[in-house]
>>> print(open('final26.cif').read())   # mmCIF, C-alpha atoms
data_final
loop_
_atom_site.label_atom_id
_atom_site.label_comp_id
_atom_site.auth_asym_id
_atom_site.auth_seq_id
_atom_site.Cartn_x
_atom_site.Cartn_y
_atom_site.Cartn_z
CA MET E 17 6.73 -12.98 -24.57
CA ILE E 18 4.37 -15.96 -24.48
CA SER E 19 0.72 -15.01 -24.99
CA THR E 20 -1.65 -15.34 -22.05
CA THR E 21 -3.73 -17.54 -24.36
CA ILE E 22 -1.20 -20.31 -23.69
CA LEU E 23 -1.79 -19.99 -19.94
CA ASP E 24 -5.54 -20.00 -20.48
CA ASN E 25 -5.09 -23.21 -22.48
CA ILE E 26 -3.13 -24.71 -19.59
CA ALA E 27 -5.93 -23.83 -17.17
CA THR E 28 -8.48 -25.46 -19.49
CA HIS E 29 -6.50 -28.72 -19.71
CA ILE E 30 -4.97 -28.57 -16.23
CA GLN E 31 -5.63 -32.23 -15.36
CA GLU E 32 -3.88 -33.38 -18.53
CA VAL E 33 -1.02 -30.90 -18.06
CA VAL E 34 -0.11 -31.89 -14.48
CA LEU E 35 0.06 -35.57 -15.50
CA HIS E 36 2.72 -34.52 -18.03
CA GLU E 37 2.29 -37.58 -20.20
CA SER E 38 0.67 -36.42 -23.45
CA THR E 39 2.48 -34.59 -26.22
CA ARG E 40 0.20 -31.56 -25.82
CA SER E 41 0.93 -31.31 -22.09
CA LYS E 42 4.69 -31.38 -22.69
CA ILE E 43 4.37 -28.64 -25.32
CA LEU E 44 2.26 -26.49 -22.96
CA ILE E 45 4.73 -26.94 -20.11
CA GLY E 46 7.60 -25.92 -22.37
CA GLN E 47 5.71 -22.81 -23.44
CA MET E 48 4.76 -22.01 -19.84
CA ASN E 49 8.44 -21.93 -18.86
CA LEU E 50 8.93 -19.18 -21.44
CA ALA E 51 6.11 -17.01 -20.06
CA HIS E 52 6.58 -14.12 -17.62
CA TYR E 53 6.76 -15.29 -14.03
CA ALA E 54 4.04 -12.86 -12.92
CA ASP E 55 1.59 -14.37 -15.43
CA ILE E 56 2.46 -17.88 -14.30
CA ALA E 57 1.91 -16.92 -10.65
CA GLN E 58 -1.44 -15.35 -11.54
CA LEU E 59 -2.47 -18.63 -13.18
CA MET E 60 -1.43 -20.67 -10.15
CA ASN E 61 -3.23 -18.34 -7.75
CA SER E 62 -6.46 -18.97 -9.67
CA LEU E 63 -6.19 -22.79 -9.60
CA GLU E 64 -6.94 -25.30 -6.88
CA SER E 65 -3.89 -25.61 -4.64
CA GLU E 66 -3.44 -29.28 -5.58
CA TYR E 67 -3.00 -28.39 -9.25
CA SER E 68 -0.91 -25.31 -8.44
CA VAL E 69 1.63 -27.36 -6.52
CA LYS E 70 1.94 -29.95 -9.30
CA LEU E 71 2.27 -27.20 -11.88
CA PHE E 72 4.95 -25.46 -9.82
CA LEU E 73 7.02 -28.65 -9.71
CA LEU E 74 7.01 -28.74 -13.52
CA LEU E 75 8.72 -25.34 -13.76
CA LYS E 76 12.43 -24.95 -14.35
CA PRO E 77 14.40 -24.33 -11.11
CA GLU E 78 15.25 -20.72 -12.03
CA MET E 79 11.60 -20.02 -12.93
CA GLN E 80 10.42 -21.55 -9.66
CA ILE E 81 12.32 -18.91 -7.70
CA SER E 82 10.74 -15.99 -9.56
CA VAL E 83 7.21 -17.46 -9.50
CA PHE E 84 7.31 -18.53 -5.84
CA TYR E 85 7.49 -15.01 -4.39
CA GLU E 86 4.53 -13.87 -6.52
CA LEU E 87 2.19 -16.52 -5.10
CA GLN E 88 -0.46 -15.84 -2.48
CA THR E 89 0.64 -16.42 1.12
CA ALA E 90 -1.33 -19.62 1.71
CA LEU E 91 -0.15 -21.10 -1.58
CA MET E 92 3.49 -20.22 -0.80
CA ARG E 93 3.30 -22.30 2.39
CA THR E 94 1.60 -25.18 0.58
CA VAL E 95 4.21 -25.20 -2.20
CA LEU E 96 7.11 -24.98 0.26
CA SER E 97 5.84 -27.96 2.25
CA ALA E 98 5.50 -29.97 -0.98
CA LEU E 99 9.10 -29.42 -2.11
CA ASN E 100 11.73 -32.06 -1.45
CA SER E 101 14.96 -31.12 0.31
CA ALA E 102 16.89 -30.50 -2.91
CA ASP E 103 14.23 -28.23 -4.44
CA LYS E 104 13.73 -26.41 -1.17
CA SER E 105 17.48 -25.88 -0.86
CA ASN E 106 17.66 -24.53 -4.43
CA LEU E 107 14.78 -22.15 -3.74
CA LEU E 108 16.16 -20.74 -0.49
CA LYS E 109 19.84 -20.54 -1.48
CA ASN E 110 19.04 -18.63 -4.67
CA SER E 111 16.63 -16.17 -3.05
CA HIS E 112 17.58 -12.76 -1.73
CA ALA E 113 17.84 -12.43 2.03
CA ASP E 114 14.99 -9.92 2.15
CA GLN E 115 12.74 -12.33 0.20
CA ILE E 116 13.57 -15.16 2.59
CA THR E 117 12.91 -12.88 5.57
CA ASP E 118 9.44 -12.02 4.27
CA LEU E 119 8.78 -15.73 3.74
CA PHE E 120 9.94 -16.68 7.24
CA ASP E 121 7.45 -14.23 8.75
CA LEU E 122 4.71 -16.53 7.40
CA LEU E 123 6.08 -19.85 8.70
CA SER E 124 5.53 -21.69 11.96
CA ASP E 125 8.46 -22.18 14.33
CA GLU E 126 8.94 -25.76 13.14
CA GLU E 127 8.90 -24.76 9.46
CA LEU E 128 11.26 -21.89 10.20
CA ALA E 129 13.78 -24.15 11.94
CA THR E 130 13.73 -26.57 8.99
CA CYS E 131 14.37 -23.81 6.45
CA LEU E 132 17.15 -22.21 8.49
CA ASP E 133 18.98 -25.52 8.60
CA ILE E 134 19.04 -25.56 4.80
CA LEU E 135 20.65 -22.13 4.43
CA HIS E 136 24.39 -21.52 4.51
CA LYS E 137 25.68 -20.14 7.79
CA LYS E 138 26.38 -16.70 6.29
CA ASP E 139 22.92 -16.48 4.71
CA ARG E 140 21.29 -17.71 7.91
CA GLU E 141 22.94 -14.99 9.98
CA GLN E 142 21.89 -12.39 7.43
CA VAL E 143 18.27 -13.51 7.50
CA LEU E 144 18.15 -13.66 11.29
CA SER E 145 19.53 -10.12 11.50
CA LEU E 146 16.85 -8.88 9.13
CA MET E 147 14.05 -10.54 11.11
CA GLN E 148 14.60 -8.13 14.01
CA PHE E 149 13.16 -5.27 11.95
CA ALA E 150 9.44 -4.57 11.65
CA PRO E 151 8.04 -5.86 8.31
CA ASP E 152 6.75 -2.39 7.37
CA SER E 153 10.00 -0.58 8.21
CA ALA E 154 12.99 0.21 6.00
CA GLY E 155 14.90 -2.66 7.58
CA GLY E 156 12.05 -5.03 6.82
CA ILE E 157 11.77 -4.17 3.12
CA MET E 158 15.39 -3.44 2.19
CA ASN E 159 17.46 -5.64 -0.12
CA VAL E 160 20.87 -6.54 1.28
CA ASP E 161 22.06 -8.43 -1.80
CA VAL E 162 23.09 -5.39 -3.82
CA ILE E 163 26.48 -4.34 -5.16
CA THR E 164 28.26 -1.58 -3.21
CA LEU E 165 31.79 -0.27 -3.67
CA MET E 166 34.43 1.39 -1.51
CA GLN E 167 35.58 4.96 -2.05
CA ASN E 168 39.29 4.04 -2.43
CA PHE E 169 38.54 1.70 -5.37
CA THR E 170 39.57 2.85 -8.81
CA VAL E 171 37.23 2.73 -11.79
CA ALA E 172 39.27 -0.14 -13.27
CA LYS E 173 39.09 -2.20 -10.08
CA SER E 174 35.35 -1.56 -9.75
CA VAL E 175 34.69 -2.68 -13.32
CA ALA E 176 36.70 -5.84 -12.71
CA LEU E 177 34.72 -6.62 -9.54
CA LEU E 178 31.22 -6.30 -11.04
CA PRO E 179 31.21 -9.58 -13.02
CA ARG E 180 32.52 -11.45 -9.97
CA LEU E 181 29.77 -10.09 -7.72
CA ARG E 182 27.00 -10.90 -10.21
CA PRO E 183 24.58 -12.69 -10.23
CA ARG E 184 24.48 -13.20 -6.45
CA ARG E 185 24.16 -9.47 -5.95
CA ASP E 186 21.90 -7.07 -7.84
CA LEU E 187 23.43 -4.25 -9.87
CA HIS E 188 21.52 -0.97 -10.10
CA ARG E 189 22.21 2.23 -11.97
CA ASN E 190 22.90 3.95 -8.64
CA ILE E 191 25.85 2.22 -6.96
CA TYR E 192 26.34 3.27 -3.33
CA VAL E 193 29.85 3.89 -2.06
CA THR E 194 31.15 3.44 1.49
CA ASP E 195 34.33 4.14 3.41
CA GLU E 196 36.52 1.45 4.95
CA GLU E 197 34.14 1.10 7.92
CA ASN E 198 31.04 0.64 5.71
CA ARG E 199 29.73 4.18 6.32
CA LEU E 200 27.80 5.62 3.41
CA VAL E 201 29.70 8.44 1.71
CA GLY E 202 27.84 8.90 -1.59
CA LEU E 203 26.94 7.23 -4.85
CA ILE E 204 28.16 6.86 -8.41
CA LYS E 205 26.17 6.19 -11.57
CA LEU E 206 26.78 3.03 -13.54
CA GLU E 207 27.72 5.15 -16.55
CA ASP E 208 30.51 6.80 -14.49
CA LEU E 209 32.42 3.54 -14.69
CA LEU E 210 32.32 3.76 -18.48
CA LEU E 211 33.05 7.46 -18.92
CA LYS E 212 35.77 8.06 -16.32
CA SER E 213 39.45 7.21 -16.60
CA PRO E 214 40.38 3.71 -15.27
CA GLU E 215 42.80 5.22 -12.73
CA THR E 216 40.16 7.54 -11.24
CA GLN E 217 39.33 6.84 -7.61
CA LEU E 218 35.63 6.67 -6.77
CA ARG E 219 36.04 9.26 -3.98
CA SER E 220 36.76 11.90 -6.64
CA ILE E 221 33.55 11.29 -8.61
CA LEU E 222 31.09 10.81 -5.76
CA ARG E 223 27.57 12.21 -6.11
CA GLN E 224 25.26 13.32 -3.31
CA VAL E 225 22.59 10.84 -2.21
CA PRO E 226 19.19 12.55 -2.64
CA PHE E 227 17.42 10.53 0.07
CA ILE E 228 18.71 8.23 2.81
CA ALA E 229 16.27 6.00 4.69
CA GLU E 230 16.72 5.24 8.37
CA VAL E 231 16.44 1.58 9.26
CA ASP E 232 13.33 1.97 11.45
CA GLN E 233 11.56 4.48 9.17
CA ASP E 234 8.02 3.55 8.06
CA GLN E 235 7.68 2.19 4.52
CA GLU E 236 4.89 4.61 3.54
CA GLU E 237 6.99 7.62 4.52
CA ILE E 238 9.94 6.18 2.58
CA ALA E 239 7.82 5.63 -0.53
CA ASN E 240 6.58 9.23 -0.39
CA LYS E 241 10.12 10.55 0.02
CA MET E 242 11.43 8.46 -2.88
CA ALA E 243 8.61 9.72 -5.08
CA HIS E 244 9.29 13.29 -3.93
CA TYR E 245 13.00 13.09 -4.81
CA ARG E 246 12.27 11.03 -7.96
CA THR E 247 14.78 8.35 -7.04
CA VAL E 248 14.28 4.68 -7.87
CA THR E 249 16.59 3.40 -5.12
CA ALA E 250 17.35 4.53 -1.58
CA PRO E 251 20.12 3.38 0.81
CA VAL E 252 19.19 2.26 4.32
CA VAL E 253 21.49 3.21 7.20
CA ASN E 254 21.49 2.84 10.98
CA GLU E 255 22.08 5.57 13.54
CA HIS E 256 25.86 5.41 12.86
CA ASN E 257 25.40 5.85 9.09
CA PHE E 258 26.46 2.25 8.39
CA LEU E 259 25.02 1.06 5.08
CA LEU E 260 22.70 -1.87 5.75
CA GLY E 261 20.87 -2.33 2.46
CA VAL E 262 19.04 -0.69 -0.42
CA ILE E 263 15.34 -0.17 -1.15
CA THR E 264 14.83 -0.83 -4.84
CA GLY E 265 12.31 0.49 -7.36
CA GLU E 266 10.56 -2.89 -7.42
CA THR E 267 10.09 -2.72 -3.66
CA LEU E 268 8.85 0.87 -3.98
CA VAL E 269 6.11 -0.21 -6.39
CA ASP E 270 5.06 -3.04 -4.03
CA VAL E 271 4.90 -0.65 -1.06
CA LEU E 272 2.82 1.92 -2.94
CA GLN E 273 0.43 -0.78 -4.10
CA ARG E 274 0.02 -2.25 -0.62
CA GLU E 275 -0.46 1.15 1.02
CA ALA E 276 -3.06 2.13 -1.59
CA GLN E 277 -4.97 -1.10 -0.99
CA GLU E 278 -4.83 -0.59 2.77
CA ASP E 279 -6.16 2.97 2.46
CA VAL E 280 -9.07 1.84 0.27
CA HIS E 281 -10.00 -0.92 2.73
CA LYS E 282 -9.72 1.39 5.72
CA MET E 283 -11.85 4.05 4.02
CA ALA E 284 -14.47 1.35 3.43
CA GLY E 285 -14.17 0.20 7.04
CA SER E 286 -13.24 -3.36 6.01
CA TYR E 287 -9.45 -3.51 6.44
CA VAL E 288 -7.83 -6.95 6.72
CA SER E 289 -4.11 -7.68 6.67
CA GLN E 290 -4.43 -10.55 4.19
CA SER E 291 -5.63 -10.56 0.60
CA TYR E 292 -9.32 -11.08 -0.17
CA PHE E 293 -9.09 -14.78 -1.11
CA GLU E 294 -6.73 -15.59 1.76
CA THR E 295 -9.25 -14.27 4.29
CA SER E 296 -11.99 -16.70 5.28
CA SER E 297 -15.63 -15.78 4.65
CA ALA E 298 -16.33 -16.12 8.37
CA SER E 299 -13.62 -13.58 9.18
CA ILE E 300 -14.95 -11.13 6.59
CA ILE E 301 -18.53 -11.52 7.84
CA LEU E 302 -17.39 -11.01 11.44
CA ARG E 303 -15.31 -7.88 10.73
CA ARG E 304 -17.81 -6.22 8.42
CA GLY E 305 -20.79 -7.37 10.46
CA ILE E 306 -19.48 -5.89 13.72
CA LEU E 307 -18.80 -2.58 12.01
CA LEU E 308 -22.22 -2.44 10.37
CA VAL E 309 -23.98 -3.33 13.64
CA ILE E 310 -22.12 -0.53 15.46
CA LEU E 311 -22.95 1.98 12.73
CA LEU E 312 -26.56 0.80 12.70
CA LEU E 313 -26.91 1.41 16.44
CA VAL E 314 -25.19 4.79 16.22
CA GLU E 315 -27.32 5.75 13.22
CA SER E 316 -30.44 5.06 15.30
CA LEU E 317 -29.71 8.36 17.07
CA THR E 318 -31.27 10.04 14.01
CA SER E 319 -34.63 8.48 14.89
CA VAL E 320 -34.28 9.79 18.44
CA ILE E 321 -33.64 13.31 17.11
CA LEU E 322 -36.54 13.12 14.66
CA GLY E 323 -38.82 11.89 17.45
CA SER E 324 -37.82 14.82 19.65
CA TYR E 325 -38.79 17.33 16.94
CA GLU E 326 -41.81 15.43 15.63
CA ALA E 327 -44.16 18.34 16.38
CA THR E 328 -41.99 20.70 14.33
CA LEU E 329 -41.46 18.51 11.26
CA SER E 330 -44.30 18.66 8.77
CA ALA E 331 -44.63 16.36 5.78
CA PHE E 332 -43.12 19.18 3.72
CA LEU E 333 -39.91 19.26 5.78
CA VAL E 334 -39.63 15.47 6.06
CA SER E 335 -39.58 15.19 2.25
CA PHE E 336 -36.19 16.98 2.11
CA ILE E 337 -34.35 14.90 4.74
CA ALA E 338 -32.92 12.48 2.15
CA MET E 339 -31.59 15.39 0.06
CA LEU E 340 -29.87 17.01 3.04
CA VAL E 341 -28.32 13.79 4.34
CA SER E 342 -27.11 12.78 0.88
CA THR E 343 -25.49 16.18 0.29
CA ALA E 344 -23.77 16.00 3.68
CA GLY E 345 -22.31 12.56 2.89
CA ASN E 346 -21.18 13.59 -0.59
CA THR E 347 -19.51 16.78 0.66
CA SER E 348 -17.71 15.19 3.62
CA GLY E 349 -16.58 12.22 1.53
CA GLN E 350 -15.29 14.51 -1.20
CA THR E 351 -13.34 16.65 1.26
CA SER E 352 -11.86 13.79 3.30
CA ALA E 353 -10.74 11.97 0.14
CA ILE E 354 -8.80 15.05 -1.01
CA ILE E 355 -7.18 15.56 2.41
CA ILE E 356 -6.31 11.87 2.88
CA GLN E 357 -4.82 11.60 -0.60
CA GLY E 358 -2.76 14.74 -0.01
CA MET E 359 -1.47 13.45 3.32
CA SER E 360 -0.67 10.07 1.79
CA SER E 361 1.30 11.58 -1.10
CA GLY E 362 3.13 14.06 1.15
CA ASP E 363 1.60 17.16 -0.48
CA ILE E 364 -0.11 17.93 2.83
CA ASN E 365 2.23 17.92 5.83
CA ASP E 366 2.85 19.69 9.14
CA SER E 367 4.44 22.68 7.40
CA ASN E 368 1.40 23.58 5.31
CA ILE E 369 -1.54 22.01 7.15
CA ASN E 370 -2.79 25.35 8.52
CA LYS E 371 -2.77 26.85 5.03
CA ILE E 372 -4.68 23.82 3.69
CA LEU E 373 -7.30 24.03 6.45
CA ARG E 374 -7.82 27.76 5.90
CA ARG E 375 -8.31 27.14 2.21
CA GLU E 376 -10.78 24.31 2.84
CA PHE E 377 -12.78 26.49 5.24
CA PHE E 378 -13.03 29.16 2.56
CA ILE E 379 -14.06 26.55 0.00
CA GLY E 380 -16.61 25.13 2.45
CA PHE E 381 -18.09 28.59 3.10
CA SER E 382 -18.35 29.28 -0.65
CA LEU E 383 -19.93 25.89 -1.34
CA SER E 384 -22.42 26.35 1.48
CA ILE E 385 -23.63 29.67 0.02
CA LEU E 386 -23.82 28.24 -3.51
CA LEU E 387 -25.79 25.14 -2.52
CA ALA E 388 -28.03 27.08 -0.14
CA LEU E 389 -29.02 29.48 -2.94
CA VAL E 390 -29.66 26.61 -5.35
CA ALA E 391 -31.72 24.77 -2.72
CA PHE E 392 -33.79 27.89 -1.93
CA ALA E 393 -34.54 28.48 -5.62
CA ARG E 394 -35.47 24.85 -6.17
CA VAL E 395 -37.75 24.52 -3.10
CA TYR E 396 -39.47 27.89 -3.48
CA ALA E 397 -40.06 27.39 -7.22
CA TYR E 398 -41.93 24.15 -6.60
CA HIS E 399 -43.73 24.86 -3.31
CA GLN E 400 -44.06 28.68 -2.98
CA PHE E 401 -43.43 28.36 0.78
CA PHE E 402 -40.99 31.10 1.78
CA TRP E 403 -40.16 30.14 5.37
CA GLY E 404 -40.02 26.45 4.53
CA SER E 405 -37.57 27.26 1.73
CA VAL E 406 -35.49 29.30 4.19
CA VAL E 407 -35.33 26.36 6.62
CA VAL E 408 -34.21 23.90 3.93
CA SER E 409 -31.65 26.22 2.30
CA LEU E 410 -30.18 27.55 5.57
CA SER E 411 -29.91 24.02 6.99
CA LEU E 412 -28.25 22.81 3.81
CA GLY E 413 -25.70 25.64 3.89
CA ILE E 414 -24.73 24.94 7.50
CA ILE E 415 -24.59 21.18 6.88
CA VAL E 416 -22.32 21.63 3.86
CA PHE E 417 -19.93 23.85 5.82
CA ALA E 418 -19.92 21.38 8.73
CA SER E 419 -19.23 18.54 6.28
CA VAL E 420 -16.19 20.31 4.85
CA LEU E 421 -15.06 21.16 8.39
CA PHE E 422 -15.25 17.56 9.61
CA GLY E 423 -13.94 16.11 6.34
CA SER E 424 -10.78 18.20 6.52
CA VAL E 425 -10.12 18.34 10.27
CA LEU E 426 -10.87 14.73 11.25
CA PRO E 427 -8.04 13.15 9.17
CA VAL E 428 -5.60 15.68 10.62
CA LEU E 429 -6.67 14.91 14.20
CA LEU E 430 -6.36 11.17 13.65
CA LYS E 431 -2.84 11.57 12.29
CA LYS E 432 -1.90 13.63 15.37
CA PHE E 433 -2.82 10.57 17.48
CA ASN E 434 -0.88 8.22 15.15
CA ILE E 435 -4.09 6.73 13.70
CA ASP E 436 -4.30 6.19 9.94
CA PRO E 437 -6.33 9.13 8.50
CA ALA E 438 -8.00 6.73 6.06
CA PHE E 439 -10.19 5.51 8.93
CA SER E 440 -11.92 8.92 8.96
CA ALA E 441 -13.49 8.41 5.54
CA GLY E 442 -16.29 6.20 4.29
CA PRO E 443 -18.99 4.90 6.66
CA PHE E 444 -17.53 6.52 9.79
CA LEU E 445 -17.71 10.07 8.51
CA ALA E 446 -21.01 9.45 6.71
CA THR E 447 -22.62 8.28 9.96
CA ILE E 448 -21.36 11.32 11.87
CA MET E 449 -22.72 13.68 9.22
CA ASP E 450 -26.08 11.87 9.09
CA ILE E 451 -26.61 12.45 12.80
CA LEU E 452 -25.26 16.01 12.80
CA GLY E 453 -27.19 16.91 9.64
CA ILE E 454 -30.52 15.70 11.02
CA PHE E 455 -29.93 17.61 14.26
CA ILE E 456 -29.05 20.85 12.42
CA TYR E 457 -32.12 20.55 10.20
CA CYS E 458 -34.51 19.86 13.06
CA TYR E 459 -33.10 22.59 15.28
CA ILE E 460 -33.22 25.28 12.56
CA ALA E 461 -36.78 24.27 11.69
CA TYR E 462 -37.70 24.60 15.36
CA LEU E 463 -36.12 28.06 15.66
CA ILE E 464 -37.68 29.50 12.51
CA LEU E 465 -41.09 27.86 12.23
CA ASN E 466 -41.91 27.99 15.94
#
>>> encode(input="final26.cif", output="structure tokens")
Amino acid sequence: MISTTILDNIATHIQEVVLHESTRSKILIGQMNLAHYADIAQLMNSLESEYSVKLFLLLKPEMQISVFYELQTALMRTVLSALNSADKSNLLKNSHADQITDLFDLLSDEELATCLDILHKKDREQVLSLMQFAPDSAGGIMNVDVITLMQNFTVAKSVALLPRLRPRRDLHRNIYVTDEENRLVGLIKLEDLLLKSPETQLRSILRQVPFIAEVDQDQEEIANKMAHYRTVTAPVVNEHNFLLGVITGETLVDVLQREAQEDVHKMAGSYVSQSYFETSSASIILRRGILLVILLLVESLTSVILGSYEATLSAFLVSFIAMLVSTAGNTSGQTSAIIIQGMSSGDINDSNINKILRREFFIGFSLSILLALVAFARVYAYHQFFWGSVVVSLSLGIIVFASVLFGSVLPVLLKKFNIDPAFSAGPFLATIMDILGIFIYCYIAYLILN
């Protein structure tokens, strides 16, 4: 594989390379066409769009297809508009229907109409049928250009068909088998075609399909199921068990990556549907600014609580507020992260949620006692103030238990209302625990010291 140093060299001499006149530029372009398409796309995503488009046009036609679908959304549209009719036709006609469908979701109506005119009638109908499915559903992410066989085929006939179906259709180790009406009946392994007798009918060597995705099933649920059953492909069927397409391992990796990124952004309270560089600075400032303003105003409730208990709070008690609030945030964040990750991976589900919650409550109770004892020893050792140490340690214990309680229950409640549990983490939960923690501390101080 070509070293990334070559691509770095292209970036350094990009103006010379896109002119494609010097000997060095021609050598670099030749080497670039031997590089991995993902590395080439990464280079183009980092360049100014003007240079990226010119560089894209210097790629071989077969490399253009692979690189194009790795580009950022905005750059894909720019490149597509820069292609002439012949290059655009080559790109679209040699792309999978699911790739074209994803691309068409990004285009305007005028651009969409132009691209549909380029496609063959059969491909156009296939793409239009795929566009009816939600982008994050099984129908939206499935690949329809895969090799499937019929159960009455013999091994010999199947082997003879494979070269004729390639390369327009992808061949995977799991080959799904249907009946005469295109209903899924099972699968065979690629090695079965080598090991079985040529006269053997596929119906006699069928294997059970470990997981079948429904066409409207959510992509995150599908990814979790595929990981659970350790399968790299999954067939997609409709309500009548008609085979519509296949979700491949490559798609599975993309889904897991996107879902992980979404969860991180939601936990930080800064989720956007586009990538970082495709989102304008104004949009980021607006989204994050609104959230921070709301949290700032809500957080001001702590000053109201402190003002209400001003007569109770001495300088001694005020000095421990930061410790209590910090511990509350750390505990709730720790708990919610564990619960959210478990729900995302499928380890935590409706069948075991009560067991998980009971365990977390026990853990929370144990942690509250441990931290309360440590806090009492620390405060009393330094200040020799018994009742003040009791207030701090008792408050800390209750706050820790409440943090575990909220950190574990809140994600579950959000999921019950079909809201992503990831929203319960980060600044949202921290703000709740700040307010609750201050109130618990002030109220316990009032009860004991007054």
>>> closest_residue(input="final26.cif", among="E:Asp232, E:Glu64, E:Glu326, E:Asp152", to="E:Ala90", atoms="only C-alpha atoms")
E:Glu64
>>> residues_around(input="final26.cif", residues="E:Ser220", least_positions_apart="3", cutoff="12 Å", atoms="only C-alpha atoms", output="short mmCIF file (atom, residue, chain, number, x, y, z; two decimals) with C-alpha atoms, in the frame of the given file")
data_model
loop_
_atom_site.label_atom_id
_atom_site.label_comp_id
_atom_site.auth_asym_id
_atom_site.auth_seq_id
_atom_site.Cartn_x
_atom_site.Cartn_y
_atom_site.Cartn_z
CA MET E 166 34.43 1.39 -1.51
CA GLN E 167 35.58 4.96 -2.05
CA ASN E 168 39.29 4.04 -2.43
CA PHE E 169 38.54 1.70 -5.37
CA THR E 170 39.57 2.85 -8.81
CA VAL E 171 37.23 2.73 -11.79
CA VAL E 193 29.85 3.89 -2.06
CA VAL E 201 29.70 8.44 1.71
CA GLY E 202 27.84 8.90 -1.59
CA LEU E 203 26.94 7.23 -4.85
CA ILE E 204 28.16 6.86 -8.41
CA ASP E 208 30.51 6.80 -14.49
CA LYS E 212 35.77 8.06 -16.32
CA SER E 213 39.45 7.21 -16.60
CA GLU E 215 42.80 5.22 -12.73
CA THR E 216 40.16 7.54 -11.24
CA GLN E 217 39.33 6.84 -7.61
CA ARG E 223 27.57 12.21 -6.11
#
>>> closest_residue(input="final26.cif", among="E:Thr264, E:Thr89, E:Gln277, E:Ser97", to="E:Met158", atoms="only C-alpha atoms")
E:Thr264
>>> resolve_selection(input="final26.cif", expression="the PyMOL selection byres ((chain E and resi 456) around 12)", output="VMD selection string")
chain E and resid 318 321 to 322 325 337 340 to 341 344 407 to 419 449 to 455 457 to 463
>>> atom_distance(input="final26.cif", atom1="atom CA of E:Leu429", atom2="atom CA of E:Asp363")
17.0 Å
>>> resolve_selection(input="final26.cif", expression="the PyMOL selection byres ((chain E and resi 238) around 12)", output="tab-separated table (two decimals) with C-alpha atoms, in the frame of the given file")
chain	number	residue	atom	x	y	z
E	152	ASP	CA	6.75	-2.39	7.37
E	153	SER	CA	10.00	-0.58	8.21
E	154	ALA	CA	12.99	0.21	6.00
E	155	GLY	CA	14.90	-2.66	7.58
E	157	ILE	CA	11.77	-4.17	3.12
E	158	MET	CA	15.39	-3.44	2.19
E	227	PHE	CA	17.42	10.53	0.07
E	228	ILE	CA	18.71	8.23	2.81
E	229	ALA	CA	16.27	6.00	4.69
E	230	GLU	CA	16.72	5.24	8.37
E	231	VAL	CA	16.44	1.58	9.26
E	232	ASP	CA	13.33	1.97	11.45
E	233	GLN	CA	11.56	4.48	9.17
E	234	ASP	CA	8.02	3.55	8.06
E	235	GLN	CA	7.68	2.19	4.52
E	236	GLU	CA	4.89	4.61	3.54
E	237	GLU	CA	6.99	7.62	4.52
E	239	ALA	CA	7.82	5.63	-0.53
E	240	ASN	CA	6.58	9.23	-0.39
E	241	LYS	CA	10.12	10.55	0.02
E	242	MET	CA	11.43	8.46	-2.88
E	243	ALA	CA	8.61	9.72	-5.08
E	244	HIS	CA	9.29	13.29	-3.93
E	245	TYR	CA	13.00	13.09	-4.81
E	246	ARG	CA	12.27	11.03	-7.96
E	247	THR	CA	14.78	8.35	-7.04
E	248	VAL	CA	14.28	4.68	-7.87
E	249	THR	CA	16.59	3.40	-5.12
E	250	ALA	CA	17.35	4.53	-1.58
E	251	PRO	CA	20.12	3.38	0.81
E	252	VAL	CA	19.19	2.26	4.32
E	262	VAL	CA	19.04	-0.69	-0.42
E	263	ILE	CA	15.34	-0.17	-1.15
E	264	THR	CA	14.83	-0.83	-4.84
E	265	GLY	CA	12.31	0.49	-7.36
E	267	THR	CA	10.09	-2.72	-3.66
E	268	LEU	CA	8.85	0.87	-3.98
E	269	VAL	CA	6.11	-0.21	-6.39
E	271	VAL	CA	4.90	-0.65	-1.06
E	272	LEU	CA	2.82	1.92	-2.94
E	275	GLU	CA	-0.46	1.15	1.02
E	360	SER	CA	-0.67	10.07	1.79
E	361	SER	CA	1.30	11.58	-1.10
E	362	GLY	CA	3.13	14.06	1.15
>>> residues_around(input="final26.cif", residues="E:Asn25", least_positions_apart="4", cutoff="12 Å", atoms="only C-alpha atoms", output="ChimeraX atom specification")
/E:19-21,29-33,40-41,43-45,47-48,59
>>> resolve_selection(input="final26.cif", expression="the PyMOL selection byres ((chain E and resi 56) around 10)", output="PyMOL selection string")
chain E and resi 20+23+48-55+57-61+71-72+75+79-80+82-84+86-87
>>> write_last_selection(input="final26.cif", atoms="C-alpha atoms", output="compact mmCIF listing (two decimals), in the frame of the given file")
# COMPACT_ATOMS: atom_id res chain seq x y z
CA THR E 20 -1.65 -15.34 -22.05
CA LEU E 23 -1.79 -19.99 -19.94
CA MET E 48 4.76 -22.01 -19.84
CA ASN E 49 8.44 -21.93 -18.86
CA LEU E 50 8.93 -19.18 -21.44
CA ALA E 51 6.11 -17.01 -20.06
CA HIS E 52 6.58 -14.12 -17.62
CA TYR E 53 6.76 -15.29 -14.03
CA ALA E 54 4.04 -12.86 -12.92
CA ASP E 55 1.59 -14.37 -15.43
CA ALA E 57 1.91 -16.92 -10.65
CA GLN E 58 -1.44 -15.35 -11.54
CA LEU E 59 -2.47 -18.63 -13.18
CA MET E 60 -1.43 -20.67 -10.15
CA ASN E 61 -3.23 -18.34 -7.75
CA LEU E 71 2.27 -27.20 -11.88
CA PHE E 72 4.95 -25.46 -9.82
CA LEU E 75 8.72 -25.34 -13.76
CA MET E 79 11.60 -20.02 -12.93
CA GLN E 80 10.42 -21.55 -9.66
CA SER E 82 10.74 -15.99 -9.56
CA VAL E 83 7.21 -17.46 -9.50
CA PHE E 84 7.31 -18.53 -5.84
CA GLU E 86 4.53 -13.87 -6.52
CA LEU E 87 2.19 -16.52 -5.10
